[in-house]
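These notes are about the structure you will find just below.
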Protein chains: 2
Amino acid sequence: MARSGGRGTRTGRPRTRMGTEERRRQLLRIGAELFAERPFDDVWIEEVAERAGVSRGLLYHYFPTKRQFYAAVVRHEGERLLRMTEPDPATPVGRQVQQGLEAYLRYAEEHARGLRAFHRASAAGDREIHDIHEQLLAEQERRIVTVLDAQAAAGLIDGPAPAALRLAVHGWLAFVTAAVLDWLERGEPSRAEVREVCTRALLGALAGARGD
Amino acid sequence: MARSGGRGTRTGRPRTRMGTEERRRQLLRIGAELFAERPFDDVWIEEVAERAGVSRGLLYHYFPTKRQFYAAVVRHEGERLLRMTEPDPATPVGRQVQQGLEAYLRYAEEHARGLRAFHRASAAGDREIHDIHEQLLAEQERRIVTVLDAQAAAGLIDGPAPAALRLAVHGWLAFVTAAVLDWLERGEPSRAEVREVCTRALLGALAGARGD
């Protein structure tokens, strides 16, 4: 995904012919870089075109407005995040959480800008963008609640009160988001410590939901 | 706090003379009501003046722009929140968390609109307003970390690794914010369950930070 150094990168990039899908991915990647570091109003569509080595006209062909471009970046990064943390139903629930977190933290390290661009959407002050972000988080929440409910139904874990369980998962996703963005900014503690803190927060919250 | 029905309320309210402080508090309360339910752009200064039963001129005397008015509402509600959850150093740390949460949840029930107006600032898309919100949350975080550090220094609790401890508290504040806003919207689970879920999430996160 990441292209490093040499010819054919960023600003100095000569105009090259790319397939439609490849071009679209390139534009979304550049969008993630720019929207990660600056608020919406401070990103200029001209800069995107320049970095991509394409005309503004071609960029508008893919994304008719800057808002639609940003919406596509947020959706693209959010969907990748969902894909990266897809639970494996064959794995015990404790392992699923550990593996999901490990995948998420690796994703966060490798795609820090994509993650920041995605979460900046919550502060965009634009309802449509805000809603795309909310929907993707809600999907993540539903997925985790479904896993826990299935385990409870199978008698594999105690059945927590549904409303308290959902609240625990909802709060926990906010916990992980805040913790990971902070970790990316500060570079500490270690990834293993972040994973431990997040895992134990979830286990604690779920125990609280069950009234243990 | 809430005025219901009859003469002298809201729009029909006759203009009355109030002291400067009383008037300021009234305007901030009306601001919290309006900014809680609508994004910044959908709140009209004329409506604030009308609800307060004052002229626009008088309102501008207190708050020269709508932005300054919103900033004052966010600061006012955030400071109230800090005051309501002030830790009592004489109390053991476990009790402090329980008491702080209980105070916070009662505040949330009684001042739901103030709390929503405060947290809407994080999605305001306005850097100054966003920063006021961040600073008040950072103050809350510092306060909790200080309490935990003091306990660790006194040997009352095990000393967690500082970076992991701070991360745990940072994530947990996001947890509590998300959980409480969700709880206000849905009206479930019970307050006691919310308190339990939040308390256990913090204890879990701190245990994770210590590597227990």
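A note on labels: chains of the structure tokens are A, B, ... as shown, every chain counts residues from 1, and ligands are counted from 1 in their shown order.
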I need the chain A residues near chain B as a ChimeraX atom specification; criterion: at most 6 Å, counting only C-alpha atoms. /A:122-125,163-164,167,171-172,174-175,178-179,189,196-197,200-201,204-205,208-209
Return chain A as a PDB file with C-alpha atoms, in the first residue's frame, after superposing it on chain B by a least-squares fit that covers all C-alpha atoms paired in order.
ATOM      1  CA  MET A   1     -31.791  26.068  38.672  1.00  0.00           C
ATOM      2  CA  ALA A   2     -34.570  24.641  36.476  1.00  0.00           C
ATOM      3  CA  ARG A   3     -37.637  26.869  36.279  1.00  0.00           C
ATOM      4  CA  SER A   4     -40.809  24.959  35.617  1.00  0.00           C
ATOM      5  CA  GLY A   5     -44.181  25.936  34.158  1.00  0.00           C
ATOM      6  CA  GLY A   6     -46.348  28.911  34.988  1.00  0.00           C
ATOM      7  CA  ARG A   7     -45.834  32.595  34.297  1.00  0.00           C
ATOM      8  CA  GLY A   8     -42.525  34.112  33.582  1.00  0.00           C
ATOM      9  CA  THR A   9     -41.021  31.148  31.669  1.00  0.00           C
ATOM     10  CA  ARG A  10     -39.508  30.910  28.239  1.00  0.00           C
ATOM     11  CA  THR A  11     -41.148  32.451  25.208  1.00  0.00           C
ATOM     12  CA  GLY A  12     -44.041  34.168  26.901  1.00  0.00           C
ATOM     13  CA  ARG A  13     -41.801  35.673  29.518  1.00  0.00           C
ATOM     14  CA  PRO A  14     -42.361  39.398  30.140  1.00  0.00           C
ATOM     15  CA  ARG A  15     -39.203  41.514  30.217  1.00  0.00           C
ATOM     16  CA  THR A  16     -38.013  41.626  33.787  1.00  0.00           C
ATOM     17  CA  ARG A  17     -35.146  43.400  35.482  1.00  0.00           C
ATOM     18  CA  MET A  18     -32.445  41.057  36.629  1.00  0.00           C
ATOM     19  CA  GLY A  19     -29.042  41.560  38.189  1.00  0.00           C
ATOM     20  CA  THR A  20     -26.052  41.099  35.884  1.00  0.00           C
ATOM     21  CA  GLU A  21     -25.034  37.714  37.288  1.00  0.00           C
ATOM     22  CA  GLU A  22     -28.571  36.386  37.324  1.00  0.00           C
ATOM     23  CA  ARG A  23     -29.118  37.501  33.719  1.00  0.00           C
ATOM     24  CA  ARG A  24     -25.853  35.938  32.629  1.00  0.00           C
ATOM     25  CA  ARG A  25     -26.808  32.620  34.230  1.00  0.00           C
ATOM     26  CA  GLN A  26     -30.227  32.740  32.624  1.00  0.00           C
ATOM     27  CA  LEU A  27     -28.706  33.312  29.169  1.00  0.00           C
ATOM     28  CA  LEU A  28     -26.203  30.486  29.660  1.00  0.00           C
ATOM     29  CA  ARG A  29     -28.997  28.125  30.713  1.00  0.00           C
ATOM     30  CA  ILE A  30     -31.016  28.965  27.604  1.00  0.00           C
ATOM     31  CA  GLY A  31     -27.867  28.539  25.510  1.00  0.00           C
ATOM     32  CA  ALA A  32     -27.298  25.066  26.973  1.00  0.00           C
ATOM     33  CA  GLU A  33     -30.864  24.082  26.062  1.00  0.00           C
ATOM     34  CA  LEU A  34     -30.520  25.221  22.464  1.00  0.00           C
ATOM     35  CA  PHE A  35     -26.954  24.075  21.765  1.00  0.00           C
ATOM     36  CA  ALA A  36     -27.766  20.682  23.301  1.00  0.00           C
ATOM     37  CA  GLU A  37     -30.332  19.901  20.645  1.00  0.00           C
ATOM     38  CA  ARG A  38     -28.918  21.549  17.523  1.00  0.00           C
ATOM     39  CA  PRO A  39     -25.598  22.154  15.807  1.00  0.00           C
ATOM     40  CA  PHE A  40     -24.088  25.613  16.163  1.00  0.00           C
ATOM     41  CA  ASP A  41     -25.273  26.820  12.740  1.00  0.00           C
ATOM     42  CA  ASP A  42     -28.905  26.002  13.529  1.00  0.00           C
ATOM     43  CA  VAL A  43     -29.090  28.077  16.695  1.00  0.00           C
ATOM     44  CA  TRP A  44     -30.260  31.658  16.177  1.00  0.00           C
ATOM     45  CA  ILE A  45     -29.294  34.422  18.521  1.00  0.00           C
ATOM     46  CA  GLU A  46     -32.764  35.939  18.029  1.00  0.00           C
ATOM     47  CA  GLU A  47     -34.311  32.851  19.590  1.00  0.00           C
ATOM     48  CA  VAL A  48     -32.052  33.133  22.621  1.00  0.00           C
ATOM     49  CA  ALA A  49     -33.076  36.763  23.106  1.00  0.00           C
ATOM     50  CA  GLU A  50     -36.737  35.894  22.669  1.00  0.00           C
ATOM     51  CA  ARG A  51     -36.647  33.041  25.184  1.00  0.00           C
ATOM     52  CA  ALA A  52     -34.855  35.260  27.666  1.00  0.00           C
ATOM     53  CA  GLY A  53     -37.292  38.104  27.079  1.00  0.00           C
ATOM     54  CA  VAL A  54     -34.489  40.543  26.292  1.00  0.00           C
ATOM     55  CA  SER A  55     -33.473  42.574  23.265  1.00  0.00           C
ATOM     56  CA  ARG A  56     -30.745  41.346  20.933  1.00  0.00           C
ATOM     57  CA  GLY A  57     -28.777  44.421  21.973  1.00  0.00           C
ATOM     58  CA  LEU A  58     -28.746  43.345  25.609  1.00  0.00           C
ATOM     59  CA  LEU A  59     -27.720  39.813  24.637  1.00  0.00           C
ATOM     60  CA  TYR A  60     -24.821  41.211  22.584  1.00  0.00           C
ATOM     61  CA  HIS A  61     -23.844  43.290  25.576  1.00  0.00           C
ATOM     62  CA  TYR A  62     -23.221  40.045  27.491  1.00  0.00           C
ATOM     63  CA  PHE A  63     -21.863  37.995  24.563  1.00  0.00           C
ATOM     64  CA  PRO A  64     -20.640  40.006  21.563  1.00  0.00           C
ATOM     65  CA  THR A  65     -20.864  37.079  19.071  1.00  0.00           C
ATOM     66  CA  LYS A  66     -22.694  33.776  18.843  1.00  0.00           C
ATOM     67  CA  ARG A  67     -19.340  31.985  18.935  1.00  0.00           C
ATOM     68  CA  GLN A  68     -18.372  33.722  22.171  1.00  0.00           C
ATOM     69  CA  PHE A  69     -21.788  32.834  23.564  1.00  0.00           C
ATOM     70  CA  TYR A  70     -21.323  29.157  22.691  1.00  0.00           C
ATOM     71  CA  ALA A  71     -17.782  29.197  24.106  1.00  0.00           C
ATOM     72  CA  ALA A  72     -19.162  30.612  27.375  1.00  0.00           C
ATOM     73  CA  VAL A  73     -21.860  27.904  27.516  1.00  0.00           C
ATOM     74  CA  VAL A  74     -19.281  25.143  26.989  1.00  0.00           C
ATOM     75  CA  ARG A  75     -16.929  26.610  29.609  1.00  0.00           C
ATOM     76  CA  HIS A  76     -19.768  27.126  32.097  1.00  0.00           C
ATOM     77  CA  GLU A  77     -21.054  23.553  31.745  1.00  0.00           C
ATOM     78  CA  GLY A  78     -17.562  22.060  31.795  1.00  0.00           C
ATOM     79  CA  GLU A  79     -16.649  23.937  34.956  1.00  0.00           C
ATOM     80  CA  ARG A  80     -19.839  22.849  36.641  1.00  0.00           C
ATOM     81  CA  LEU A  81     -19.009  19.268  35.713  1.00  0.00           C
ATOM     82  CA  LEU A  82     -15.553  19.620  37.280  1.00  0.00           C
ATOM     83  CA  ARG A  83     -17.083  21.113  40.411  1.00  0.00           C
ATOM     84  CA  MET A  84     -19.701  18.344  40.692  1.00  0.00           C
ATOM     85  CA  THR A  85     -17.074  15.614  40.467  1.00  0.00           C
ATOM     86  CA  GLU A  86     -14.412  17.204  42.680  1.00  0.00           C
ATOM     87  CA  PRO A  87     -12.641  14.352  44.477  1.00  0.00           C
ATOM     88  CA  ASP A  88     -12.530  14.314  48.269  1.00  0.00           C
ATOM     89  CA  PRO A  89      -8.934  13.492  49.273  1.00  0.00           C
ATOM     90  CA  ALA A  90     -10.075  12.150  52.666  1.00  0.00           C
ATOM     91  CA  THR A  91     -11.959   9.294  50.974  1.00  0.00           C
ATOM     92  CA  PRO A  92     -10.271   6.007  49.891  1.00  0.00           C
ATOM     93  CA  VAL A  93      -9.621   5.943  46.145  1.00  0.00           C
ATOM     94  CA  GLY A  94     -12.190   3.234  45.337  1.00  0.00           C
ATOM     95  CA  ARG A  95     -14.908   5.232  47.117  1.00  0.00           C
ATOM     96  CA  GLN A  96     -13.791   8.414  45.342  1.00  0.00           C
ATOM     97  CA  VAL A  97     -14.394   6.769  41.964  1.00  0.00           C
ATOM     98  CA  GLN A  98     -17.811   5.487  43.042  1.00  0.00           C
ATOM     99  CA  GLN A  99     -18.811   8.852  44.509  1.00  0.00           C
ATOM    100  CA  GLY A 100     -17.445  10.799  41.535  1.00  0.00           C
ATOM    101  CA  LEU A 101     -19.403   8.583  39.142  1.00  0.00           C
ATOM    102  CA  GLU A 102     -22.567   8.796  41.207  1.00  0.00           C
ATOM    103  CA  ALA A 103     -22.295  12.597  41.227  1.00  0.00           C
ATOM    104  CA  TYR A 104     -21.605  12.627  37.497  1.00  0.00           C
ATOM    105  CA  LEU A 105     -24.567  10.400  36.638  1.00  0.00           C
ATOM    106  CA  ARG A 106     -26.921  12.481  38.778  1.00  0.00           C
ATOM    107  CA  TYR A 107     -25.575  15.623  37.145  1.00  0.00           C
ATOM    108  CA  ALA A 108     -26.125  13.969  33.739  1.00  0.00           C
ATOM    109  CA  GLU A 109     -29.758  13.194  34.567  1.00  0.00           C
ATOM    110  CA  GLU A 110     -30.524  16.621  35.973  1.00  0.00           C
ATOM    111  CA  HIS A 111     -28.559  18.644  33.422  1.00  0.00           C
ATOM    112  CA  ALA A 112     -28.789  16.398  30.388  1.00  0.00           C
ATOM    113  CA  ARG A 113     -28.972  19.379  28.046  1.00  0.00           C
ATOM    114  CA  GLY A 114     -25.983  21.088  29.614  1.00  0.00           C
ATOM    115  CA  LEU A 115     -23.976  17.896  29.278  1.00  0.00           C
ATOM    116  CA  ARG A 116     -24.976  17.439  25.648  1.00  0.00           C
ATOM    117  CA  ALA A 117     -24.204  21.098  24.866  1.00  0.00           C
ATOM    118  CA  PHE A 118     -20.799  20.619  26.487  1.00  0.00           C
ATOM    119  CA  HIS A 119     -19.900  17.464  24.576  1.00  0.00           C
ATOM    120  CA  ARG A 120     -21.258  18.730  21.281  1.00  0.00           C
ATOM    121  CA  ALA A 121     -18.257  21.062  21.398  1.00  0.00           C
ATOM    122  CA  SER A 122     -16.020  18.153  20.409  1.00  0.00           C
ATOM    123  CA  ALA A 123     -17.876  17.944  17.075  1.00  0.00           C
ATOM    124  CA  ALA A 124     -18.200  21.689  16.569  1.00  0.00           C
ATOM    125  CA  GLY A 125     -15.673  21.876  13.734  1.00  0.00           C
ATOM    126  CA  ASP A 126     -14.379  25.059  15.410  1.00  0.00           C
ATOM    127  CA  ARG A 127     -10.885  24.843  16.830  1.00  0.00           C
ATOM    128  CA  GLU A 128     -11.336  27.346  19.659  1.00  0.00           C
ATOM    129  CA  ILE A 129     -14.528  25.686  20.930  1.00  0.00           C
ATOM    130  CA  HIS A 130     -12.944  22.281  20.478  1.00  0.00           C
ATOM    131  CA  ASP A 131      -9.941  23.399  22.542  1.00  0.00           C
ATOM    132  CA  ILE A 132     -12.066  24.662  25.452  1.00  0.00           C
ATOM    133  CA  HIS A 133     -13.706  21.228  25.590  1.00  0.00           C
ATOM    134  CA  GLU A 134     -10.337  19.440  25.399  1.00  0.00           C
ATOM    135  CA  GLN A 135      -8.835  21.586  28.166  1.00  0.00           C
ATOM    136  CA  LEU A 136     -11.666  20.832  30.551  1.00  0.00           C
ATOM    137  CA  LEU A 137     -11.363  17.099  29.870  1.00  0.00           C
ATOM    138  CA  ALA A 138      -7.583  17.327  30.300  1.00  0.00           C
ATOM    139  CA  GLU A 139      -8.126  18.983  33.676  1.00  0.00           C
ATOM    140  CA  GLN A 140     -10.423  16.132  34.694  1.00  0.00           C
ATOM    141  CA  GLU A 141      -7.779  13.639  33.561  1.00  0.00           C
ATOM    142  CA  ARG A 142      -4.981  15.405  35.469  1.00  0.00           C
ATOM    143  CA  ARG A 143      -7.101  15.412  38.595  1.00  0.00           C
ATOM    144  CA  ILE A 144      -7.760  11.673  38.466  1.00  0.00           C
ATOM    145  CA  VAL A 145      -4.126  10.833  37.650  1.00  0.00           C
ATOM    146  CA  THR A 146      -3.003  13.009  40.594  1.00  0.00           C
ATOM    147  CA  VAL A 147      -5.297  11.138  42.981  1.00  0.00           C
ATOM    148  CA  LEU A 148      -3.998   7.758  41.768  1.00  0.00           C
ATOM    149  CA  ASP A 149      -0.361   8.897  41.840  1.00  0.00           C
ATOM    150  CA  ALA A 150      -0.737  10.173  45.398  1.00  0.00           C
ATOM    151  CA  GLN A 151      -2.175   6.839  46.461  1.00  0.00           C
ATOM    152  CA  ALA A 152       0.678   5.005  44.766  1.00  0.00           C
ATOM    153  CA  ALA A 153       3.257   7.285  46.411  1.00  0.00           C
ATOM    154  CA  ALA A 154       1.685   6.634  49.812  1.00  0.00           C
ATOM    155  CA  GLY A 155       1.932   2.902  49.145  1.00  0.00           C
ATOM    156  CA  LEU A 156      -1.868   2.637  49.376  1.00  0.00           C
ATOM    157  CA  ILE A 157      -2.118   1.109  45.917  1.00  0.00           C
ATOM    158  CA  ASP A 158       0.569  -0.511  43.757  1.00  0.00           C
ATOM    159  CA  GLY A 159       2.409   2.007  41.635  1.00  0.00           C
ATOM    160  CA  PRO A 160       1.409   1.511  37.999  1.00  0.00           C
ATOM    161  CA  ALA A 161       3.691   2.550  35.146  1.00  0.00           C
ATOM    162  CA  PRO A 162       2.868   6.267  34.697  1.00  0.00           C
ATOM    163  CA  ALA A 163       2.374   6.246  30.898  1.00  0.00           C
ATOM    164  CA  ALA A 164       0.081   3.224  31.041  1.00  0.00           C
ATOM    165  CA  LEU A 165      -1.813   4.728  33.970  1.00  0.00           C
ATOM    166  CA  ARG A 166      -2.381   7.998  32.148  1.00  0.00           C
ATOM    167  CA  LEU A 167      -3.527   6.097  29.067  1.00  0.00           C
ATOM    168  CA  ALA A 168      -5.975   4.096  31.181  1.00  0.00           C
ATOM    169  CA  VAL A 169      -7.488   7.258  32.664  1.00  0.00           C
ATOM    170  CA  HIS A 170      -7.581   9.009  29.281  1.00  0.00           C
ATOM    171  CA  GLY A 171      -9.371   6.086  27.641  1.00  0.00           C
ATOM    172  CA  TRP A 172     -11.708   5.744  30.585  1.00  0.00           C
ATOM    173  CA  LEU A 173     -12.918   9.358  30.421  1.00  0.00           C
ATOM    174  CA  ALA A 174     -13.855   8.738  26.786  1.00  0.00           C
ATOM    175  CA  PHE A 175     -15.598   5.543  27.920  1.00  0.00           C
ATOM    176  CA  VAL A 176     -17.671   7.367  30.532  1.00  0.00           C
ATOM    177  CA  THR A 177     -18.570  10.208  28.169  1.00  0.00           C
ATOM    178  CA  ALA A 178     -19.731   7.839  25.421  1.00  0.00           C
ATOM    179  CA  ALA A 179     -21.581   5.586  27.874  1.00  0.00           C
ATOM    180  CA  VAL A 180     -23.400   8.433  29.612  1.00  0.00           C
ATOM    181  CA  LEU A 181     -24.482  10.205  26.412  1.00  0.00           C
ATOM    182  CA  ASP A 182     -25.768   6.876  25.090  1.00  0.00           C
ATOM    183  CA  TRP A 183     -27.571   6.174  28.363  1.00  0.00           C
ATOM    184  CA  LEU A 184     -29.289   9.584  28.286  1.00  0.00           C
ATOM    185  CA  GLU A 185     -30.480   8.900  24.746  1.00  0.00           C
ATOM    186  CA  ARG A 186     -31.766   5.367  25.368  1.00  0.00           C
ATOM    187  CA  GLY A 187     -32.879   5.596  28.982  1.00  0.00           C
ATOM    188  CA  GLU A 188     -31.378   2.200  29.786  1.00  0.00           C
ATOM    189  CA  PRO A 189     -29.815   0.347  31.568  1.00  0.00           C
ATOM    190  CA  SER A 190     -30.398   1.580  35.142  1.00  0.00           C
ATOM    191  CA  ARG A 191     -28.171   4.222  36.704  1.00  0.00           C
ATOM    192  CA  ALA A 192     -26.726   1.604  39.052  1.00  0.00           C
ATOM    193  CA  GLU A 193     -25.789  -0.594  36.093  1.00  0.00           C
ATOM    194  CA  VAL A 194     -24.135   2.317  34.267  1.00  0.00           C
ATOM    195  CA  ARG A 195     -22.141   3.091  37.410  1.00  0.00           C
ATOM    196  CA  GLU A 196     -21.111  -0.559  37.756  1.00  0.00           C
ATOM    197  CA  VAL A 197     -20.034  -0.884  34.118  1.00  0.00           C
ATOM    198  CA  CYS A 198     -17.993   2.349  34.319  1.00  0.00           C
ATOM    199  CA  THR A 199     -16.399   1.509  37.670  1.00  0.00           C
ATOM    200  CA  ARG A 200     -15.363  -1.953  36.580  1.00  0.00           C
ATOM    201  CA  ALA A 201     -13.992  -0.643  33.284  1.00  0.00           C
ATOM    202  CA  LEU A 202     -11.682   1.687  35.235  1.00  0.00           C
ATOM    203  CA  LEU A 203     -10.593  -0.990  37.696  1.00  0.00           C
ATOM    204  CA  GLY A 204      -9.897  -3.321  34.747  1.00  0.00           C
ATOM    205  CA  ALA A 205      -7.929  -0.675  32.849  1.00  0.00           C
ATOM    206  CA  LEU A 206      -5.848   0.176  35.936  1.00  0.00           C
ATOM    207  CA  ALA A 207      -5.123  -3.516  36.550  1.00  0.00           C
ATOM    208  CA  GLY A 208      -4.022  -3.728  32.895  1.00  0.00           C
ATOM    209  CA  ALA A 209      -1.773  -0.677  33.409  1.00  0.00           C
ATOM    210  CA  ARG A 210      -0.123  -2.365  36.391  1.00  0.00           C
ATOM    211  CA  GLY A 211       0.327  -5.566  34.406  1.00  0.00           C
ATOM    212  CA  ASP A 212      -1.664  -7.535  37.010  1.00  0.00           C
TER     213      ASP A 212
END
What parts of range 35-203 of chain B does DSSP call alpha helix (DSSP H)? I'd like the answer as a ChimeraX atom specification. /B:35-37,45-52,56-62,66-84,93-110,112-120,127-153,162-186,191-203
